[in-house]
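The data block below is start-v1.txt; it holds compact mmCIF, C-alpha atoms.
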```txt
# COMPACT_ATOMS: atom_id res chain seq x y z
CA ALA R 1 -7.18 21.05 138.38
CA LEU R 2 -10.21 18.75 138.58
CA ALA R 3 -7.98 15.83 139.55
CA ALA R 4 -6.44 18.00 142.28
CA LEU R 5 -9.94 18.88 143.48
CA ALA R 6 -10.79 15.17 143.66
CA VAL R 7 -7.66 14.50 145.73
CA THR R 8 -8.56 17.42 148.00
CA MET R 9 -12.04 16.00 148.54
CA VAL R 10 -10.68 12.53 149.33
CA LEU R 11 -8.20 13.94 151.83
CA GLY R 12 -10.96 16.04 153.36
CA GLY R 13 -13.10 12.94 153.73
CA LEU R 14 -10.26 11.08 155.41
CA LEU R 15 -9.79 13.98 157.82
CA ALA R 16 -13.49 14.04 158.59
CA GLY R 17 -13.40 10.32 159.32
CA ALA R 18 -10.35 10.70 161.52
CA PHE R 19 -12.04 13.40 163.58
CA ALA R 20 -15.32 11.50 163.74
CA TRP R 21 -13.66 8.28 164.95
CA PRO R 22 -10.38 9.48 166.49
CA GLY R 23 -9.35 6.15 167.96
CA ALA R 24 -10.33 3.90 165.08
CA THR R 25 -8.24 5.12 162.17
CA GLY R 26 -4.77 5.88 163.52
CA TRP R 27 -4.11 8.17 160.56
CA PRO R 28 -1.50 10.93 160.95
CA LEU R 29 -3.74 13.96 161.32
CA ALA R 30 -0.98 16.55 160.99
CA ARG R 31 0.27 15.06 157.74
CA LEU R 32 -3.24 14.67 156.33
CA THR R 33 -4.02 18.28 157.20
CA ASP R 34 -0.88 19.52 155.44
CA LEU R 35 -1.63 17.40 152.37
CA HIS R 36 -5.25 18.55 152.30
CA ALA R 37 -4.18 22.20 152.39
CA MET R 38 -1.45 21.63 149.80
CA TRP R 39 -3.74 19.92 147.31
CA GLY R 40 -6.51 22.44 147.86
CA LEU R 41 -4.38 25.57 147.50
CA GLN R 42 -1.45 24.56 145.31
CA GLY R 43 -3.33 21.87 143.42
CA TRP R 44 -6.93 22.86 142.82
CA VAL R 45 -6.64 26.65 143.17
CA GLY R 46 -3.11 27.01 141.83
CA LEU R 47 -3.47 24.80 138.77
CA LEU R 48 -6.89 26.26 137.98
CA VAL R 49 -5.54 29.82 138.11
CA ILE R 50 -2.64 28.85 135.84
CA ALA R 51 -4.88 27.12 133.30
CA ILE R 52 -7.33 30.02 133.23
CA ALA R 53 -4.58 32.63 133.03
CA PHE R 54 -3.13 31.08 129.88
CA GLN R 55 -6.44 31.85 128.16
CA VAL R 56 -7.90 34.96 129.78
CA VAL R 57 -4.84 37.12 130.45
CA PRO R 58 -3.93 37.60 126.76
CA MET R 59 -7.61 37.70 125.74
CA PHE R 60 -9.19 40.02 128.30
CA MET R 61 -6.19 42.05 129.42
CA VAL R 62 -4.68 42.45 125.94
CA THR R 63 -1.20 41.19 126.75
CA PRO R 64 1.32 39.29 124.65
CA PRO R 65 0.76 35.52 124.78
CA TYR R 66 2.49 33.37 127.35
CA PRO R 67 5.73 31.69 126.22
CA ALA R 68 5.24 28.29 124.65
CA LEU R 69 7.43 26.81 127.40
CA LEU R 70 4.70 27.60 129.93
CA THR R 71 1.62 26.77 127.91
CA GLY R 72 2.86 23.35 126.82
CA CYS R 73 3.08 20.74 129.57
CA TYR R 74 3.55 23.18 132.41
CA THR R 75 0.42 22.31 134.38
CA THR R 76 1.09 18.59 133.90
CA ALA R 77 4.63 19.00 135.23
CA MET R 78 3.31 20.97 138.22
CA PHE R 79 0.74 18.26 138.93
CA LEU R 80 3.43 15.57 138.82
CA LEU R 81 5.65 17.59 141.16
CA LEU R 82 2.73 18.01 143.53
CA THR R 83 2.10 14.27 143.45
CA ALA R 84 5.76 13.45 144.05
CA SER R 85 5.95 15.94 146.91
CA SER R 86 2.86 14.42 148.52
CA LEU R 87 3.98 10.81 148.21
CA SER R 88 7.42 11.61 149.59
CA SER R 89 6.20 13.76 152.49
CA GLY R 90 6.68 10.92 154.96
CA LEU R 91 10.27 10.12 154.00
CA GLN R 92 13.04 10.54 156.56
CA GLY R 93 16.81 10.62 156.46
CA PRO R 94 18.68 11.15 153.18
CA ALA R 95 15.55 10.28 151.18
CA ARG R 96 13.98 13.43 152.60
CA LEU R 97 16.08 15.40 150.12
CA PHE R 98 13.88 14.11 147.31
CA HIS R 99 10.78 15.55 148.98
CA GLU R 100 12.49 18.87 149.59
CA ALA R 101 13.69 19.02 145.98
CA CYS R 102 10.15 18.41 144.69
CA THR R 103 8.77 21.07 147.01
CA VAL R 104 11.38 23.63 145.95
CA LEU R 105 10.72 22.93 142.26
CA LEU R 106 6.99 23.27 142.87
CA GLY R 107 7.45 26.64 144.55
CA ALA R 108 9.80 27.76 141.80
CA GLY R 109 7.20 26.78 139.21
CA TYR R 110 4.57 28.99 140.79
CA GLY R 111 7.12 31.78 141.15
CA VAL R 112 7.98 31.62 137.44
CA PHE R 113 4.29 31.73 136.55
CA GLY R 114 3.62 34.71 138.82
CA ALA R 115 6.64 36.66 137.58
CA CYS R 116 5.82 35.90 133.93
CA THR R 117 2.22 37.03 134.37
CA LEU R 118 3.29 40.28 136.02
CA TYR R 119 5.72 40.86 133.15
CA LEU R 120 2.98 40.31 130.57
CA LEU R 121 0.59 42.60 132.44
CA ALA R 122 3.26 45.30 132.43
CA ARG R 123 3.46 44.99 128.63
CA ARG R 124 -0.27 45.21 127.95
CA THR R 125 -1.21 47.50 125.07
CA ARG R 126 -3.78 49.51 127.03
CA PRO R 127 -2.08 52.16 129.17
CA THR R 128 -4.71 52.35 131.93
CA ALA R 129 -5.21 49.36 134.20
CA ASP R 130 -8.84 48.31 134.52
CA PRO R 131 -10.17 46.59 137.68
CA THR R 132 -9.52 43.10 136.29
CA THR R 133 -5.88 43.95 135.61
CA LEU R 134 -5.48 45.43 139.08
CA TYR R 135 -6.95 42.30 140.63
CA TRP R 136 -4.69 39.99 138.64
CA ARG R 137 -1.64 42.05 139.52
CA THR R 138 -2.63 41.66 143.16
CA ALA R 139 -3.07 37.91 142.72
CA MET R 140 0.34 37.46 141.11
CA ALA R 141 2.03 39.72 143.65
CA SER R 142 0.45 37.55 146.35
CA VAL R 143 1.93 34.45 144.70
CA LEU R 144 5.41 35.94 144.89
CA ALA R 145 4.83 37.23 148.43
CA ALA R 146 3.72 33.77 149.56
CA LEU R 147 6.87 32.32 148.01
CA VAL R 148 9.00 34.82 149.95
CA VAL R 149 7.20 33.98 153.20
CA TRP R 150 7.68 30.26 152.57
CA LEU R 151 11.42 30.70 151.90
CA TRP R 152 12.00 33.12 154.78
CA PRO R 153 14.55 31.46 157.09
CA ALA R 154 13.21 32.80 160.40
CA GLU R 155 10.61 30.58 162.05
CA SER R 156 7.36 32.21 163.12
CA ASN R 157 4.00 31.02 164.36
CA ALA R 158 2.39 33.50 161.98
CA ARG R 159 3.85 31.87 158.87
CA PRO R 160 1.08 29.27 158.22
CA LEU R 161 -1.65 31.85 158.75
CA LEU R 162 0.17 34.37 156.57
CA LEU R 163 0.53 31.82 153.77
CA GLY R 164 -3.18 31.05 154.01
CA VAL R 165 -4.14 34.72 153.80
CA LEU R 166 -1.91 35.34 150.80
CA LEU R 167 -3.04 32.24 148.91
CA VAL R 168 -6.76 32.43 149.70
CA ALA R 169 -7.55 36.15 149.96
CA GLY R 170 -4.58 37.31 147.90
CA VAL R 171 -4.49 34.82 145.02
CA ALA R 172 -7.78 32.95 144.76
CA GLN R 173 -10.14 35.70 145.82
CA SER R 174 -8.40 38.39 143.77
CA ALA R 175 -8.38 36.28 140.61
CA ILE R 176 -12.07 35.40 141.02
CA HIS R 177 -13.11 39.00 141.66
CA GLY R 178 -11.13 40.20 138.68
CA MET R 179 -12.74 37.70 136.32
CA LEU R 180 -16.23 38.51 137.60
CA TYR R 181 -15.74 42.09 136.43
CA LYS R 182 -15.16 40.75 132.92
CA ILE R 183 -17.56 37.82 132.76
CA VAL R 184 -20.70 39.36 134.28
CA PRO R 185 -20.76 42.53 132.11
CA PHE R 186 -20.04 40.51 128.98
CA LEU R 187 -22.80 37.99 129.66
CA THR R 188 -25.22 40.80 130.49
CA TRP R 189 -24.43 42.58 127.23
CA TYR R 190 -24.52 39.33 125.25
CA HIS R 191 -27.97 38.31 126.47
CA LEU R 192 -29.34 41.82 125.95
CA ARG R 193 -28.07 41.73 122.37
CA GLU R 194 -29.56 38.30 121.74
CA GLU R 195 -32.92 39.41 123.11
CA ALA R 196 -32.93 42.82 121.40
CA PRO R 197 -36.09 43.46 119.36
CA SER R 198 -34.05 44.64 116.35
CA PRO R 199 -30.39 44.42 115.24
CA GLY R 200 -29.96 48.19 115.56
CA HIS R 201 -31.34 48.35 119.08
CA LYS R 202 -29.06 50.55 121.18
CA LEU R 203 -27.38 48.80 124.11
CA PRO R 204 -24.98 50.08 126.76
CA GLY R 205 -21.33 49.28 126.20
CA ILE R 206 -19.77 46.45 128.16
CA ASN R 207 -17.66 48.89 130.16
CA LYS R 208 -20.78 50.85 131.12
CA ILE R 209 -22.70 47.93 132.60
CA ILE R 210 -20.59 48.09 135.77
CA PRO R 211 -18.98 51.55 135.90
CA GLU R 212 -15.22 51.18 135.99
CA SER R 213 -14.78 53.85 138.64
CA ARG R 214 -17.09 51.99 141.01
CA ALA R 215 -15.28 48.71 140.37
CA LYS R 216 -11.92 50.36 141.03
CA TRP R 217 -13.08 51.74 144.36
CA GLN R 218 -14.21 48.24 145.30
CA PHE R 219 -10.80 46.89 144.32
CA TRP R 220 -9.04 49.39 146.57
CA ALA R 221 -11.28 48.32 149.44
CA HIS R 222 -10.27 44.71 148.77
CA ALA R 223 -6.58 45.66 148.59
CA ALA R 224 -6.80 47.53 151.89
CA ALA R 225 -8.56 44.57 153.50
CA LEU R 226 -5.87 42.22 152.19
CA LEU R 227 -3.09 44.36 153.64
CA LEU R 228 -4.93 44.56 156.94
CA LEU R 229 -5.36 40.77 156.97
CA VAL R 230 -1.63 40.36 156.39
CA ALA R 231 -0.93 42.69 159.30
CA ALA R 232 -3.49 40.82 161.41
CA CYS R 233 -1.40 37.65 161.05
CA LEU R 234 1.26 39.43 163.11
CA ARG R 235 -1.10 41.25 165.49
CA PRO R 236 -4.31 39.20 165.54
CA ASP R 237 -5.49 40.56 168.88
CA ALA R 238 -5.68 44.12 167.57
CA LEU R 239 -6.28 43.76 163.83
CA ALA R 240 -8.19 40.53 163.16
CA ARG R 241 -11.67 41.98 163.65
CA PRO R 242 -11.06 45.24 161.71
CA ALA R 243 -9.50 43.24 158.87
CA ALA R 244 -12.45 40.85 158.75
CA ALA R 245 -14.93 43.73 158.83
CA LEU R 246 -13.17 45.52 155.97
CA MET R 247 -13.06 42.33 153.90
CA CYS R 248 -16.79 41.89 154.47
CA VAL R 249 -17.34 45.46 153.26
CA ALA R 250 -15.27 44.77 150.13
CA CYS R 251 -17.20 41.56 149.38
CA LEU R 252 -20.57 43.23 149.92
CA TRP R 253 -19.42 46.05 147.63
CA LEU R 254 -18.57 43.46 144.97
CA TRP R 255 -22.02 41.92 145.39
CA TYR R 256 -23.62 45.35 144.98
CA ASN R 257 -21.66 46.02 141.78
CA LEU R 258 -22.66 42.66 140.32
CA ALA R 259 -26.26 43.27 141.35
CA THR R 260 -26.09 46.52 139.38
CA ALA R 261 -25.48 44.51 136.22
CA ALA R 262 -28.38 42.19 137.06
CA ARG R 263 -30.72 45.13 137.66
CA LEU R 264 -29.65 46.70 134.36
CA TYR R 265 -30.40 43.47 132.53
CA TRP R 266 -33.88 43.15 133.98
CA ARG R 267 -34.59 46.81 133.25
CA LEU R 268 -33.46 46.74 129.61
CA ARG R 269 -34.52 43.28 128.54
CA PRO R 270 -37.55 43.36 126.22
CA ALA R 271 -40.84 42.66 127.85
CA SER R 272 -42.10 39.16 127.29
CA GLY R 273 -45.27 38.59 125.42
CA SER R 274 -48.53 38.89 127.21
CA PRO R 275 -49.54 35.72 128.97
CA LEU R 276 -51.93 33.41 127.24
CA SER R 277 -55.50 33.73 128.38
CA VAL R 278 -57.30 30.53 129.11
CA THR R 279 -61.08 30.52 128.86
CA ALA R 280 -62.97 27.85 130.69
CA PRO R 281 -65.46 25.98 128.53
CA THR R 282 -69.09 26.71 129.18
```
So, in terms of structure tokens, how does the structure I just supplied come out?
Amino acid sequence: ALAALAVTMVLGGLLAGAFAWPGATGWPLARLTDLHAMWGLQGWVGLLVIAIAFQVVPMFMVTPPYPALLTGCYTTAMFLLLTASSLSSGLQGPARLFHEACTVLLGAGYGVFGACTLYLLARRTRPTADPTTLYWRTAMASVLAALVVWLWPAESNARPLLLGVLLVAGVAQSAIHGMLYKIVPFLTWYHLREEAPSPGHKLPGINKIIPESRAKWQFWAHAAALLLLVAACLRPDALARPAAALMCVACLWLWYNLATAARLYWRLRPASGSPLSVTAPT
């Protein structure tokens, strides 16, 4: 994932140079733009989500472990496919089949990961889905939806925008929000425990630091905003602004929930010792 981020940054720098000096470089802007988006979304974001999921989905969402076939060299194989697809993107004629084969295998790889994750989430031992599980289900459903949009035979001007919405707001944003609802309460509880004046000091449970009901309502706001953004790709004139406004509301709601954990920490942390008094010599 870090290597993919480095490639994304290099491609972004090349694009910036091409736009800054349009007549001096002669670089193919359309191809660079496609490669930049591919490495940023499928490389950096996609590989990072896969690598994190292998660890956090079984741990935090109490699912069976991923199959060994996926956790072995899966991310390495996906990175190599991404590299081969990028290097062959300029091929023409019969050699173009190699590029298309790499691209199809890359899409199939993400589809297998998304379907496998949804299957594991359906087999989790806890019957009630918490906000993190709901967010990760949304992220994996967005992976499969993006794959369907990419494979859809009918051409449409809305397809690139729809893919961007599904991959950015659907996959990346949902996965990040879901993990924040696990990481922030745990770190708050952990630091309160470490700073407790005595081992038996009573602390709120991890699930009480950010009330689950409040987090779920925020998730539903995010899900509604995501659906509205998808619809806005087809009717941007009527739905783009309402979708953006609702997504802003969902993000501000997330910020408020996380700020609740921060306020709880500052309220419950033990008071520091009184400041040292310094007396000036006479």
Please build the interface table for stretch 122-213 of chain R against stretch 87-111 of chain R with a cut-off of 12 Å, listing for each qualifying residue the nearest atom pair and the distance in Å to one decimal; count only C-alpha atoms, order rows by chain and increasing number, and write it as a Markdown table.
```
| residue | atom | partner | partner_atom | distance |
| --- | --- | --- | --- | --- |
| R:Ala139 | CA | R:Tyr110 | CA | 11.9 |
| R:Met140 | CA | R:Gly111 | CA | 8.8 |
| R:Ala141 | CA | R:Gly111 | CA | 9.8 |
| R:Ser142 | CA | R:Gly111 | CA | 10.2 |
| R:Val143 | CA | R:Gly111 | CA | 6.8 |
| R:Leu144 | CA | R:Gly111 | CA | 5.8 |
| R:Ala145 | CA | R:Gly111 | CA | 9.4 |
| R:Ala146 | CA | R:Gly111 | CA | 9.3 |
| R:Leu147 | CA | R:Gly107 | CA | 6.7 |
| R:Val148 | CA | R:Gly111 | CA | 9.5 |
| R:Val149 | CA | R:Gly107 | CA | 11.3 |
| R:Trp150 | CA | R:Gly107 | CA | 8.8 |
| R:Leu151 | CA | R:Val104 | CA | 9.2 |
| R:Leu167 | CA | R:Tyr110 | CA | 11.6 |
| R:Val171 | CA | R:Tyr110 | CA | 11.6 |
```
Please measure the separation of atom CA of R:Arg263 and atom CA of R:Lys208, giving the value in Å to one decimal.
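Separation of atom CA of R:Arg263 and atom CA of R:Lys208: 13.2 Å.
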In Å, how far is it from atom CA of R:Leu187 to atom CA of R:Ser213?
19.9 Å
Between atom CA of R:Ile50 and atom CA of R:Ala223 - distance in Å to one decimal:
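Distance between the two atoms: 21.5 Å.
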Which residues are near R:Tyr181? Cut-off 9 Å, all atoms listed in the file, ignore same chain within fewer than 5 positions. Put them as a list in words.
Pro131, Thr132, Ile176, Phe186, Ile210, Ala215, Asn257 and Leu258 of chain R
Any chance you can output those residues with C-alpha atoms as a compact mmCIF listing (two decimals), in the frame of the given file?
```txt
# COMPACT_ATOMS: atom_id res chain seq x y z
CA PRO R 131 -10.17 46.59 137.68
CA THR R 132 -9.52 43.10 136.29
CA ILE R 176 -12.07 35.40 141.02
CA PHE R 186 -20.04 40.51 128.98
CA ILE R 210 -20.59 48.09 135.77
CA ALA R 215 -15.28 48.71 140.37
CA ASN R 257 -21.66 46.02 141.78
CA LEU R 258 -22.66 42.66 140.32
```
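Counting only C-alpha atoms and comparing R:Ala231, R:Ala245, R:Leu161, R:Val57, the residue that lies closest to R:Leu120 is R:Val57.
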